[in-house]
$ cat work37.cif   # mmCIF, C-alpha atoms and all ligand atoms
data_my_file
loop_
_atom_site.label_atom_id
_atom_site.label_comp_id
_atom_site.auth_asym_id
_atom_site.auth_seq_id
_atom_site.Cartn_x
_atom_site.Cartn_y
_atom_site.Cartn_z
CA MET J 1 -43.99 -36.54 129.59
CA LYS J 2 -41.69 -33.84 130.83
CA VAL J 3 -39.37 -34.72 133.67
CA LEU J 4 -39.37 -32.76 136.91
CA SER J 5 -36.01 -31.13 136.18
CA GLU J 6 -37.39 -29.61 132.97
CA LEU J 7 -40.57 -28.33 134.62
CA TYR J 8 -38.80 -26.76 137.55
CA LYS J 9 -35.69 -24.93 136.50
CA ILE J 10 -34.98 -23.22 139.79
CA PRO J 11 -31.59 -21.51 139.97
CA VAL J 12 -29.46 -22.39 143.00
CA PRO J 13 -30.55 -19.77 145.58
CA GLU J 14 -28.14 -17.15 146.89
CA GLU J 15 -28.31 -18.73 150.34
CA PHE J 16 -26.11 -21.45 148.87
CA PHE J 17 -23.61 -19.14 147.20
CA SER J 18 -20.06 -18.83 148.50
CA ASP J 19 -19.60 -16.27 151.25
CA LEU J 20 -16.23 -15.37 149.77
CA ASP J 21 -17.42 -13.86 146.50
CA ASN J 22 -21.21 -14.21 146.64
CA LYS J 23 -21.09 -16.44 143.59
CA GLN J 24 -22.30 -19.93 143.04
CA LEU J 25 -19.88 -22.61 144.27
CA SER J 26 -18.47 -23.96 141.04
CA HIS J 27 -16.00 -26.73 141.84
CA CYS J 28 -16.05 -29.98 143.79
CA LEU J 29 -14.19 -29.59 147.08
CA VAL J 30 -12.75 -33.09 146.80
CA CYS J 31 -11.77 -33.68 143.15
CA GLY J 32 -11.84 -30.10 141.87
CA LYS J 33 -14.21 -30.90 139.02
CA GLU J 34 -16.07 -27.96 137.44
CA LEU J 35 -19.77 -28.33 138.22
CA ILE J 36 -21.81 -25.59 136.55
CA ASP J 37 -20.83 -25.53 132.86
CA SER J 38 -20.51 -29.32 132.90
CA GLN J 39 -24.09 -29.54 134.25
CA SER J 40 -22.95 -32.01 136.86
CA ASP J 41 -24.98 -33.43 139.71
CA TYR J 42 -23.66 -32.29 143.08
CA MET J 43 -24.65 -31.21 146.55
CA ILE J 44 -23.95 -28.07 148.55
CA GLU J 45 -23.67 -28.04 152.32
CA LYS J 46 -23.29 -25.02 154.53
CA VAL J 47 -22.97 -24.89 158.30
CA PHE J 48 -23.79 -21.68 160.19
CA GLN J 49 -23.41 -20.38 163.69
CA VAL J 50 -25.39 -17.41 165.00
CA ASN J 51 -24.04 -15.24 167.80
CA ASN J 52 -25.82 -12.05 168.88
CA ASN J 53 -27.74 -12.01 165.60
CA ARG J 54 -24.50 -12.32 163.65
CA LYS J 55 -24.37 -15.25 161.31
CA THR J 56 -21.00 -16.90 160.61
CA THR J 57 -20.48 -19.56 157.97
CA ILE J 58 -18.33 -22.35 159.38
CA PHE J 59 -18.39 -24.71 156.43
CA GLU J 60 -19.44 -24.31 152.84
CA HIS J 61 -18.71 -26.68 150.05
CA ALA J 62 -19.95 -28.33 146.90
CA ILE J 63 -19.24 -32.03 146.39
CA CYS J 64 -19.90 -33.90 143.16
CA MET J 65 -22.01 -37.05 143.24
CA GLU J 66 -19.06 -39.32 142.44
CA CYS J 67 -17.06 -37.97 145.39
CA SER J 68 -20.13 -38.00 147.60
CA LEU J 69 -20.60 -41.71 146.91
CA GLU J 70 -16.92 -42.34 147.63
CA LEU J 71 -17.21 -40.46 150.93
CA ARG J 72 -20.20 -42.51 151.92
CA LYS J 73 -18.21 -45.66 151.22
CA SER J 74 -15.57 -44.53 153.71
CA LEU J 75 -18.13 -44.31 156.51
CA SER J 76 -19.07 -47.42 158.47
CA THR J 77 -22.07 -49.41 157.25
CA GLU J 78 -23.52 -49.24 160.73
CA SER J 79 -23.33 -45.42 160.83
CA LEU J 80 -24.86 -45.08 157.39
CA ALA J 81 -27.71 -47.41 158.33
CA ASN J 82 -28.25 -45.42 161.55
CA ILE J 83 -28.38 -42.09 159.66
CA GLU J 84 -30.79 -43.53 157.11
CA ASN J 85 -33.02 -44.94 159.85
CA TYR J 86 -32.98 -41.64 161.67
CA PHE J 87 -34.23 -39.74 158.64
CA ARG J 88 -36.69 -42.47 157.66
CA LYS J 89 -38.24 -42.27 161.12
CA ASN J 90 -38.33 -38.48 161.25
CA VAL J 91 -38.78 -37.07 157.75
CA ASP J 92 -40.71 -38.10 154.68
CA PHE J 93 -38.54 -36.37 152.07
CA ILE J 94 -40.68 -37.52 149.14
CA LYS J 95 -43.93 -36.35 150.70
CA ARG J 96 -42.35 -33.03 151.69
CA ASN J 97 -41.09 -32.49 148.18
CA GLU J 98 -44.49 -33.31 146.68
CA LEU J 99 -46.29 -30.94 149.05
CA LEU J 100 -43.87 -28.09 148.34
CA ILE J 101 -44.22 -28.51 144.58
CA GLU J 102 -48.02 -28.99 144.66
CA ASN J 103 -48.43 -25.85 146.74
CA ASN J 104 -45.95 -23.88 144.68
CA LEU J 105 -43.73 -23.28 147.69
CA LEU J 106 -40.59 -22.79 145.68
CA THR J 107 -38.44 -20.20 147.40
CA SER J 108 -35.66 -20.47 149.98
CA LYS J 109 -38.04 -18.96 152.51
CA ASP J 110 -40.31 -21.95 152.11
CA TRP J 111 -37.51 -24.48 152.37
CA LEU J 112 -35.25 -23.00 155.01
CA SER J 113 -37.72 -21.43 157.43
CA HIS J 114 -37.42 -24.21 160.01
CA CYS J 115 -35.64 -27.46 160.89
CA ILE J 116 -36.92 -30.28 158.72
CA VAL J 117 -36.92 -32.70 161.68
CA LYS J 118 -37.68 -30.66 164.83
CA LYS J 119 -39.60 -27.83 163.14
CA THR J 120 -37.51 -25.32 165.13
CA PRO J 121 -37.87 -21.92 163.42
CA LEU J 122 -34.70 -20.63 161.79
CA SER J 123 -34.79 -17.58 164.07
CA ASP J 124 -34.37 -19.91 167.08
CA CYS J 125 -31.40 -21.83 165.65
CA SER J 126 -28.01 -20.86 167.03
CA GLU J 127 -26.34 -23.42 164.78
CA TYR J 128 -27.68 -25.13 161.73
CA GLN J 129 -26.78 -26.88 158.51
CA THR J 130 -28.37 -26.35 155.11
CA TYR J 131 -28.26 -28.76 152.24
CA CYS J 132 -29.25 -28.72 148.59
CA LEU J 133 -28.94 -31.00 145.61
CA CYS J 134 -28.05 -29.34 142.29
CA LYS J 135 -27.50 -29.95 138.63
CA GLY J 136 -25.34 -27.32 136.95
CA LYS J 137 -26.71 -23.90 137.83
CA TYR J 138 -30.11 -25.26 138.88
CA LEU J 139 -31.53 -27.11 141.84
CA ASN J 140 -32.40 -30.75 141.47
CA PRO J 141 -36.17 -30.52 142.06
CA GLY J 142 -36.25 -34.16 143.18
CA LEU J 143 -35.01 -33.10 146.62
CA LEU J 144 -35.60 -29.46 147.50
CA PRO J 145 -33.20 -27.73 149.92
CA TYR J 146 -33.61 -28.22 153.64
CA LEU J 147 -32.24 -27.14 156.98
CA VAL J 148 -31.36 -29.15 160.08
CA SER J 149 -30.93 -27.59 163.51
CA GLU J 150 -28.10 -28.19 165.97
CA GLU J 151 -30.32 -30.55 167.93
CA VAL J 152 -30.54 -32.86 164.93
CA ILE J 153 -26.81 -32.63 164.22
CA LEU J 154 -26.16 -33.66 167.83
CA GLU J 155 -28.65 -36.52 167.70
CA ILE J 156 -27.06 -37.83 164.51
CA ASN J 157 -23.62 -37.60 166.08
CA GLU J 158 -24.79 -39.99 168.76
CA LEU J 159 -25.51 -42.53 166.01
CA LEU J 160 -22.03 -42.46 164.45
CA SER J 161 -19.39 -45.11 165.07
CA VAL J 162 -15.85 -44.23 166.16
CA LYS J 163 -14.61 -45.22 162.69
CA THR J 164 -17.03 -42.83 161.03
CA LYS J 165 -16.17 -40.00 163.42
CA ASN J 166 -12.47 -40.52 162.63
CA GLU J 167 -13.20 -40.51 158.91
CA ILE J 168 -15.06 -37.22 159.20
CA ASP J 169 -12.28 -35.67 161.31
CA GLY J 170 -9.84 -36.76 158.60
CA PHE J 171 -12.01 -35.13 155.94
CA ILE J 172 -12.15 -31.85 157.87
CA ASP J 173 -8.37 -31.93 158.43
CA LYS J 174 -7.74 -32.53 154.76
CA TYR J 175 -10.02 -29.89 153.30
CA TYR J 176 -10.34 -27.21 155.96
CA GLY J 177 -7.61 -25.49 157.89
CA PHE J 178 -9.62 -24.29 160.83
CA PRO J 179 -8.45 -21.70 163.29
CA PRO J 180 -8.15 -23.18 166.79
CA GLU J 181 -11.40 -21.64 168.06
CA TYR J 182 -13.36 -23.57 165.45
CA ARG J 183 -11.52 -26.86 165.82
CA GLU J 184 -13.17 -27.76 169.09
CA LEU J 185 -16.59 -26.86 167.76
CA MET J 186 -16.32 -28.68 164.47
CA TYR J 187 -14.67 -31.82 165.76
CA GLY J 188 -17.43 -32.24 168.28
CA LYS J 189 -20.20 -31.86 165.74
CA LYS J 190 -19.97 -33.85 162.60
CA LEU J 191 -21.07 -32.94 159.16
CA ILE J 192 -23.87 -35.05 157.85
CA PHE J 193 -23.27 -36.66 154.49
CA VAL J 194 -26.74 -37.61 153.39
ZN ZN J 201 -15.72 -34.54 143.09
#
$ encode --input "work37.cif" --output "structure tokens" --more "lines below"
Ligand SMILES: [Zn+2]
Amino acid sequence: MKVLSELYKIPVPEEFFSDLDNKQLSHCLVCGKELIDSQSDYMIEKVFQVNNNRKTTIFEHAICMECSLELRKSLSTESLANIENYFRKNVDFIKRNELLIENNLLTSKDWLSHCIVKKTPLSDCSEYQTYCLCKGKYLNPGLLPYLVSEEVILEINELLSVKTKNEIDGFIDKYYGFPPEYRELMYGKKLIFV
């Protein structure tokens, strides 16, 4: 029997490319490991803000699975459990994935048209985060890309412990040198490491 990743070789969509050069993100933000030629497992996260129909990317990064697991370890157990509960209550990722594949809904339009939790249409989102799981230059078809709206990001923030919030601030400090106007915004709203 063929495995899912052989049946669905879907290249990482352009929506997840770097804004800097419009190319696929190729290295882990944390350890610097090359991800595409090495056919590594990794995730890409991007955070956008929309102002007067102008979309600005606030964060974009690829993180390898090893570093992602390490990052999760640095968050408090309570916060991780809260995030997992939140998604378990609100989204059936496996069912969603099955439905998308069964119905051949395999483009970014199908995945990123609305918030996976609140169903808010993309056109109504003034801030949102997109996420995808990849292997080398392809998507990992076991979890197709999704989008969460600002409302969800804020709700998840409410579930994070002080320790976790400090860890995430430390991560942002270490890897992003934000101009002052973004600092306020980003330190209030935490990235979600799922
Ligand atoms: Zn890494």
$ atom_distance --input "work37.cif" --atom1 "CA of Val152 (chain J)" --atom2 "CA of Gln49 (chain J)"
14.4 Å
$ atom_distance --input "work37.cif" --atom1 "CA of Ser123 (chain J)" --atom2 "CA of Thr56 (chain J)"
14.2 Å
$ atom_distance --input "work37.cif" --atom1 "CA of Lys73 (chain J)" --atom2 "CA of Ser40 (chain J)"
20.4 Å
$ residues_around --input "work37.cif" --residues "Leu4 (chain J)" --least-positions-apart "4" --cutoff "9 Å" --atoms "all atoms listed in the file" --output "list in words"
Tyr8, Lys9, Asn140, Pro141 and Gly142 of chain J
$ residues_near_ligand --input "work37.cif" --ligand "ligand ZN 201 (chain J)" --cutoff "8 Å" --atoms "all atoms listed in the file" --output "compact mmCIF listing (two decimals) with C-alpha atoms, keeping the file's coordinate frame"
# COMPACT_ATOMS: atom_id res chain seq x y z
CA HIS J 27 -16.00 -26.73 141.84
CA CYS J 28 -16.05 -29.98 143.79
CA LEU J 29 -14.19 -29.59 147.08
CA VAL J 30 -12.75 -33.09 146.80
CA CYS J 31 -11.77 -33.68 143.15
CA GLY J 32 -11.84 -30.10 141.87
CA LYS J 33 -14.21 -30.90 139.02
CA ILE J 63 -19.24 -32.03 146.39
CA CYS J 64 -19.90 -33.90 143.16
CA MET J 65 -22.01 -37.05 143.24
CA GLU J 66 -19.06 -39.32 142.44
CA CYS J 67 -17.06 -37.97 145.39
CA SER J 68 -20.13 -38.00 147.60
$ residues_around --input "work37.cif" --residues "Arg72 (chain J)" --least-positions-apart "5" --cutoff "12 Å" --atoms "only C-alpha atoms" --output "MDAnalysis selection string"
chainID J and resid 63 65:67 77:81 83:84 164 167:168 171 192:194
$ residues_around --input "work37.cif" --residues "Leu100 (chain J)" --least-positions-apart "4" --cutoff "9 Å" --atoms "all atoms listed in the file" --output "ChimeraX atom specification"
/J:95-96,104-106,110-111,144
$ closest_residue --input "work37.cif" --among "J:Arg88, J:Glu98, J:Thr130, J:Leu69" --to "Ile44 (chain J)" --atoms "only C-alpha atoms"
J:Thr130
$ closest_residue --input "work37.cif" --among "J:Phe48, J:Phe16, J:Tyr42, J:Phe59" --to "Cys125 (chain J)" --atoms "all atoms listed in the file"
J:Phe48
$ closest_residue --input "work37.cif" --among "J:Glu14, J:Asp19, J:Glu127, J:Glu60" --to "Ile172 (chain J)" --atoms "all atoms listed in the file"
J:Glu60
